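Enquirer: Structure file structure.tsv (TSV, C-alpha atoms) right here:
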chain	number	residue	atom	x	y	z
A	2	MET	CA	-184.98	-62.98	-20.99
A	3	GLU	CA	-183.79	-61.82	-17.64
A	4	ASN	CA	-182.59	-65.32	-16.88
A	5	GLU	CA	-180.52	-65.36	-20.06
A	6	ILE	CA	-178.93	-62.01	-19.13
A	7	LYS	CA	-178.07	-63.32	-15.63
A	8	ILE	CA	-176.53	-66.50	-17.06
A	9	THR	CA	-174.44	-64.42	-19.48
A	10	ASP	CA	-173.29	-62.16	-16.64
A	11	ASN	CA	-172.37	-65.15	-14.52
A	12	ILE	CA	-170.33	-66.65	-17.40
A	13	GLU	CA	-168.50	-63.37	-17.91
A	14	MET	CA	-167.79	-63.00	-14.20
A	15	GLU	CA	-166.50	-66.57	-13.94
A	16	SER	CA	-164.38	-65.96	-17.03
A	17	LYS	CA	-162.93	-62.80	-15.45
A	18	GLU	CA	-162.26	-64.60	-12.19
A	19	ASN	CA	-160.51	-67.45	-13.99
A	20	LEU	CA	-158.46	-64.98	-16.03
A	21	THR	CA	-157.53	-63.08	-12.89
A	22	ASP	CA	-156.45	-66.32	-11.19
A	23	GLU	CA	-154.33	-67.29	-14.24
A	24	GLN	CA	-152.77	-63.84	-14.40
A	25	ALA	CA	-152.05	-63.94	-10.67
A	26	ALA	CA	-150.51	-67.37	-11.05
A	27	GLY	CA	-148.43	-66.07	-13.98
A	28	ASN	CA	-147.31	-63.04	-11.96
A	29	HIS	CA	-146.44	-65.29	-9.01
A	30	GLU	CA	-144.32	-67.55	-11.21
A	31	THR	CA	-142.54	-64.51	-12.65
A	32	ALA	CA	-141.64	-63.23	-9.16
A	33	LYS	CA	-140.38	-66.66	-8.21
A	34	ASP	CA	-138.27	-66.84	-11.34
A	35	LYS	CA	-136.87	-63.39	-10.61
A	36	SER	CA	-136.00	-64.45	-7.07
A	37	GLU	CA	-134.23	-67.57	-8.37
A	38	LYS	CA	-132.35	-65.51	-10.93
A	39	LYS	CA	-131.23	-63.07	-8.23
A	40	LYS	CA	-130.01	-65.95	-6.09
A	41	VAL	CA	-128.07	-67.45	-9.00
A	42	ALA	CA	-126.60	-64.05	-9.89
A	43	LYS	CA	-125.60	-63.42	-6.28
A	44	LYS	CA	-123.99	-66.85	-6.03
A	45	HIS	CA	-122.15	-66.29	-9.31
A	46	LYS	CA	-120.95	-62.91	-8.03
A	47	LYS	CA	-119.64	-64.52	-4.83
A	48	VAL	CA	-117.78	-67.18	-6.80
A	49	LYS	CA	-116.34	-64.55	-9.13
A	50	GLY	CA	-115.31	-62.38	-6.14
A	51	ARG	CA	-113.64	-65.39	-4.51
A	52	LYS	CA	-111.73	-66.10	-7.72
A	53	ASP	CA	-110.63	-62.45	-7.95
A	54	ASN	CA	-109.46	-62.54	-4.33
A	55	ASP	CA	-107.51	-65.76	-4.97
A	56	SER	CA	-105.93	-64.15	-8.03
A	57	ASN	CA	-104.97	-61.02	-6.05
A	58	GLU	CA	-103.52	-63.09	-3.22
A	59	LYS	CA	-101.47	-65.11	-5.70
A	60	GLU	CA	-100.07	-61.94	-7.32
A	61	LEU	CA	-99.21	-60.46	-3.90
A	62	GLN	CA	-97.48	-63.68	-2.85
A	63	GLU	CA	-95.45	-63.69	-6.07
A	64	LYS	CA	-94.36	-60.08	-5.42
A	65	ILE	CA	-93.44	-60.92	-1.81
A	66	ASP	CA	-91.40	-63.93	-2.97
A	67	GLU	CA	-89.64	-61.77	-5.57
A	68	LEU	CA	-88.78	-59.07	-3.00
A	69	ASN	CA	-87.55	-61.69	-0.53
A	70	ASP	CA	-85.33	-63.18	-3.21
A	71	LYS	CA	-83.87	-59.74	-4.06
A	72	TYR	CA	-83.29	-59.01	-0.36
A	73	LEU	CA	-81.49	-62.31	0.20
A	74	ARG	CA	-79.27	-61.73	-2.84
A	75	LEU	CA	-78.39	-58.18	-1.73
A	76	PHE	CA	-77.68	-59.38	1.81
A	77	SER	CA	-75.45	-62.15	0.49
A	78	GLU	CA	-73.58	-59.74	-1.82
A	79	PHE	CA	-73.09	-57.22	1.02
A	80	ASP	CA	-71.85	-59.94	3.37
A	81	ASN	CA	-69.33	-61.12	0.77
A	82	TYR	CA	-68.23	-57.51	0.19
A	83	ARG	CA	-67.79	-56.96	3.95
A	84	LYS	CA	-65.69	-60.13	4.32
A	85	ARG	CA	-63.60	-59.22	1.27
A	86	THR	CA	-63.02	-55.68	2.59
A	87	ILE	CA	-61.93	-56.97	6.02
A	88	LYS	CA	-59.50	-59.38	4.37
A	89	GLU	CA	-58.09	-56.61	2.16
A	90	LYS	CA	-57.61	-54.36	5.21
A	91	ILE	CA	-55.77	-57.12	7.07
A	92	ASP	CA	-53.55	-57.76	4.05
A	93	LEU	CA	-52.91	-54.02	3.67
A	94	ILE	CA	-51.90	-53.68	7.32
A	95	LYS	CA	-49.53	-56.62	6.98
A	96	THR	CA	-47.88	-55.27	3.82
A	97	ALA	CA	-48.19	-51.50	4.43
A	98	SER	CA	-44.60	-51.21	5.67
A	99	SER	CA	-43.09	-53.30	2.87
A	100	GLU	CA	-42.62	-50.29	0.56
A	101	VAL	CA	-40.85	-48.24	3.24
A	102	ILE	CA	-38.64	-51.18	4.23
A	103	THR	CA	-37.72	-51.77	0.57
A	104	ASP	CA	-36.69	-48.12	0.23
A	105	LEU	CA	-34.63	-48.33	3.43
A	106	LEU	CA	-32.69	-51.43	2.40
A	107	PRO	CA	-30.04	-49.35	0.54
A	108	VAL	CA	-29.48	-47.39	3.76
A	109	LEU	CA	-28.97	-50.68	5.59
A	110	ASP	CA	-26.45	-51.66	2.93
A	111	ASP	CA	-24.63	-48.34	3.45
A	112	PHE	CA	-24.49	-48.93	7.21
A	113	GLU	CA	-22.99	-52.38	6.68
A	114	ARG	CA	-20.33	-50.95	4.37
A	115	ALA	CA	-19.62	-48.14	6.89
A	116	LYS	CA	-19.33	-50.67	9.69
A	117	LYS	CA	-16.85	-52.68	7.66
A	118	SER	CA	-14.81	-49.58	6.78
A	119	LEU	CA	-14.53	-48.64	10.49
A	120	ASN	CA	-12.38	-51.72	11.01
A	121	ASP	CA	-10.19	-51.03	7.96
A	122	SER	CA	-9.71	-47.25	8.28
A	123	ASN	CA	-8.33	-44.90	10.90
A	124	ASP	CA	-9.41	-41.75	9.02
A	125	CYS	CA	-12.00	-40.19	11.36
A	126	LYS	CA	-12.87	-37.48	8.88
A	127	ALA	CA	-13.78	-40.02	6.18
A	128	ILE	CA	-15.85	-42.01	8.68
A	129	ILE	CA	-17.77	-38.89	9.74
A	130	GLU	CA	-18.43	-37.96	6.09
A	131	GLY	CA	-19.68	-41.47	5.41
A	132	ILE	CA	-22.05	-41.35	8.38
A	133	ASP	CA	-23.34	-37.94	7.26
A	134	LEU	CA	-24.02	-39.31	3.76
A	135	ILE	CA	-25.95	-42.28	5.21
A	136	TYR	CA	-27.92	-40.00	7.55
A	137	ASN	CA	-28.87	-37.61	4.71
A	138	LYS	CA	-29.89	-40.51	2.49
A	139	PHE	CA	-31.99	-42.02	5.29
A	140	ASN	CA	-33.61	-38.67	6.11
A	141	SER	CA	-34.37	-38.01	2.42
A	142	ILE	CA	-36.22	-41.33	2.07
A	143	LEU	CA	-38.34	-40.61	5.15
A	144	GLU	CA	-39.16	-37.09	3.93
A	145	LYS	CA	-40.36	-38.53	0.61
A	146	LYS	CA	-42.72	-40.74	2.62
A	147	GLY	CA	-44.21	-37.64	4.27
A	148	LEU	CA	-42.15	-37.54	7.46
A	149	LYS	CA	-41.25	-34.10	8.78
A	150	GLN	CA	-39.30	-32.99	11.86
A	151	MET	CA	-40.91	-30.41	14.13
A	152	GLU	CA	-39.11	-27.14	14.64
A	153	THR	CA	-39.37	-26.40	18.36
A	154	ILE	CA	-36.59	-24.15	19.72
A	155	GLY	CA	-37.89	-20.61	20.27
A	156	LYS	CA	-41.50	-21.62	19.46
A	157	GLU	CA	-44.51	-21.07	21.73
A	158	PHE	CA	-45.35	-24.15	23.79
A	159	ASP	CA	-48.33	-25.96	22.20
A	160	THR	CA	-49.83	-29.06	23.81
A	161	ASP	CA	-51.03	-30.22	20.37
A	162	PHE	CA	-47.40	-30.76	19.33
A	163	HIS	CA	-45.20	-30.59	22.43
A	164	GLU	CA	-44.76	-32.46	25.69
A	165	ALA	CA	-43.18	-30.42	28.50
A	166	ILE	CA	-40.51	-32.32	30.43
A	167	THR	CA	-39.53	-29.53	32.80
A	168	TYR	CA	-39.43	-25.75	33.32
A	169	ILE	CA	-36.25	-23.69	33.73
A	170	PRO	CA	-35.65	-19.94	34.16
A	171	ALA	CA	-35.85	-18.28	30.75
A	172	PRO	CA	-32.43	-17.07	29.50
A	173	GLU	CA	-34.15	-14.00	28.06
A	174	LYS	CA	-37.44	-12.20	28.83
A	175	ASN	CA	-38.83	-12.89	25.36
A	176	MET	CA	-38.30	-16.68	25.92
A	177	LYS	CA	-40.80	-16.89	28.77
A	178	GLY	CA	-43.43	-19.51	27.92
A	179	LYS	CA	-41.37	-20.61	24.95
A	180	ILE	CA	-39.29	-23.71	24.25
A	181	VAL	CA	-35.68	-23.24	25.25
A	182	ASP	CA	-34.41	-26.77	24.73
A	183	GLU	CA	-35.40	-30.01	22.99
A	184	ILE	CA	-34.89	-33.38	24.66
A	185	GLU	CA	-36.46	-35.53	21.93
A	186	LYS	CA	-37.49	-34.51	18.42
A	187	GLY	CA	-41.15	-34.56	17.41
A	188	TYR	CA	-42.33	-35.81	14.02
A	189	LEU	CA	-45.26	-35.25	11.68
A	190	LEU	CA	-46.38	-37.74	9.06
A	191	ASN	CA	-48.38	-36.01	6.35
A	192	ASP	CA	-49.10	-33.17	8.84
A	193	LYS	CA	-50.33	-35.59	11.51
A	194	VAL	CA	-48.42	-35.85	14.80
A	195	ILE	CA	-46.89	-39.31	15.18
A	196	ARG	CA	-44.56	-38.33	18.01
A	197	PHE	CA	-44.75	-35.34	20.36
A	198	ALA	CA	-41.60	-33.33	20.86
A	199	LYS	CA	-40.25	-33.55	24.43
A	200	VAL	CA	-39.17	-30.04	25.36
A	201	VAL	CA	-38.00	-27.72	28.12
A	202	ILE	CA	-40.02	-24.54	28.73
A	203	GLY	CA	-38.67	-21.20	29.92
A	204	LYS	CA	-40.44	-19.48	32.84
Is it possible to express this structure as structure tokens?

Expert:
Amino acid sequence: MENEIKITDNIEMESKENLTDEQAAGNHETAKDKSEKKKVAKKHKKVKGRKDNDSNEKELQEKIDELNDKYLRLFSEFDNYRKRTIKEKIDLIKTASSEVITDLLPVLDDFERAKKSLNDSNDCKAIIEGIDLIYNKFNSILEKKGLKQMETIGKEFDTDFHEAITYIPAPEKNMKGKIVDEIEKGYLLNDKVIRFAKVVIGK
């Protein structure tokens, strides 16, 4: 009886040991599978990350190419504009005086007629009147273009407008430091000095 009980216990123990070994083997295989799965997942993640990086780099390169293209176009347009502007300025400088010259041609015609009449007439009064008419016409054209004569006699000397030629004793006390005579007229063009008046100052 005791022998039967011992045999039964031995069978149960062996059965438990075998079951434990099988379970351990099963657990070991499961851990191995998990490890393999982790490796595969990690590898897949790396591949996916590499693809994402490649995609990002491609997008950035496309943006860079687009910006470079825009920059080159703008630079080209600006360069063309600069060249066109320079050409227009040169043309404007060359033709700027054409309008004034065109307006002065009638005055030139009047001078030619006056010159011709000097040979045919001995009337000094008529000649003087003709010259006065030409002068007034000439002066009127220049005034319309913005030219203005400076008024200097009796004015305070101002280096912004006047150029002192010499100093002489003032004819009156209130003329000290003022302009007493004008050697050459000064002119303004649209309120900008284009020629200083050459004057004599009283001291």

Enquirer: Neighbouring residues of Ser141 (chain A) were defined as those with any atom within 12 Å, considering all atoms listed in the file; residues of the same chain fewer than 5 positions away were excluded. Please report them as a list of chain:residue names.

Expert: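 In the requested form, the answer reads A:Asp104, A:Leu105, A:Val108, A:Leu134, A:Ile135, A:Tyr136, A:Lys146, A:Gly147, A:Leu148, A:Lys149, A:Gln150.
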
Enquirer: Grab the CA of Phe139 (chain A) to CA of Arg196 (chain A) distance for me, in Å with one decimal place.

Expert: 18.3 Å

Enquirer: Counting only C-alpha atoms, figure out which residue out of A:Glu183, A:Asp110, A:Glu37, A:Glu130 gets nearest to Lys156 (chain A).

Expert: A:Glu183

Enquirer: Here is a test: counting all atoms listed in the file, which residue of A:Asn81, A:Asn175, A:Asn137, A:Asn123 is nearest to Glu157 (chain A)?

Expert: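 Selected residue with least distance to Glu157 (chain A): A:Asn175.
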
Enquirer: May I have the residues within 9 Å of Asp111 (chain A) as a PyMOL selection string, using only C-alpha atoms and disregarding those fewer than 3 positions away in the same chain?

Expert: chain A and resi 106-108+114-116+131-132+135

Enquirer: Any idea what the distance is between CA of Phe158 (chain A) and CA of Ile195 (chain A)?

Expert: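 Interatomic distance, CA of Phe158 (chain A) to CA of Ile195 (chain A): 17.5 Å.
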
Enquirer: Just to confirm, what's the straight-line distance from CA of Tyr168 (chain A) to CA of Ile180 (chain A) in Å (one decimal)?

Expert: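 Distance between the two atoms: 9.3 Å.
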
Enquirer: Can you work out which one of A:Leu109, A:Ile166, A:Ile129, A:Ile202 has the shortest atom-to-atom distance to Lys179 (chain A), counting only C-alpha atoms?

Expert: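 Closest residue, counting only C-alpha atoms: A:Ile202.
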
Enquirer: Pick out the closest residue to Lys145 (chain A) from this set: A:Glu113, A:Asp121, A:Glu100, A:Asp133. Count all atoms listed in the file.

Expert: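 For Lys145 (chain A), the nearest of the candidates is A:Glu100.
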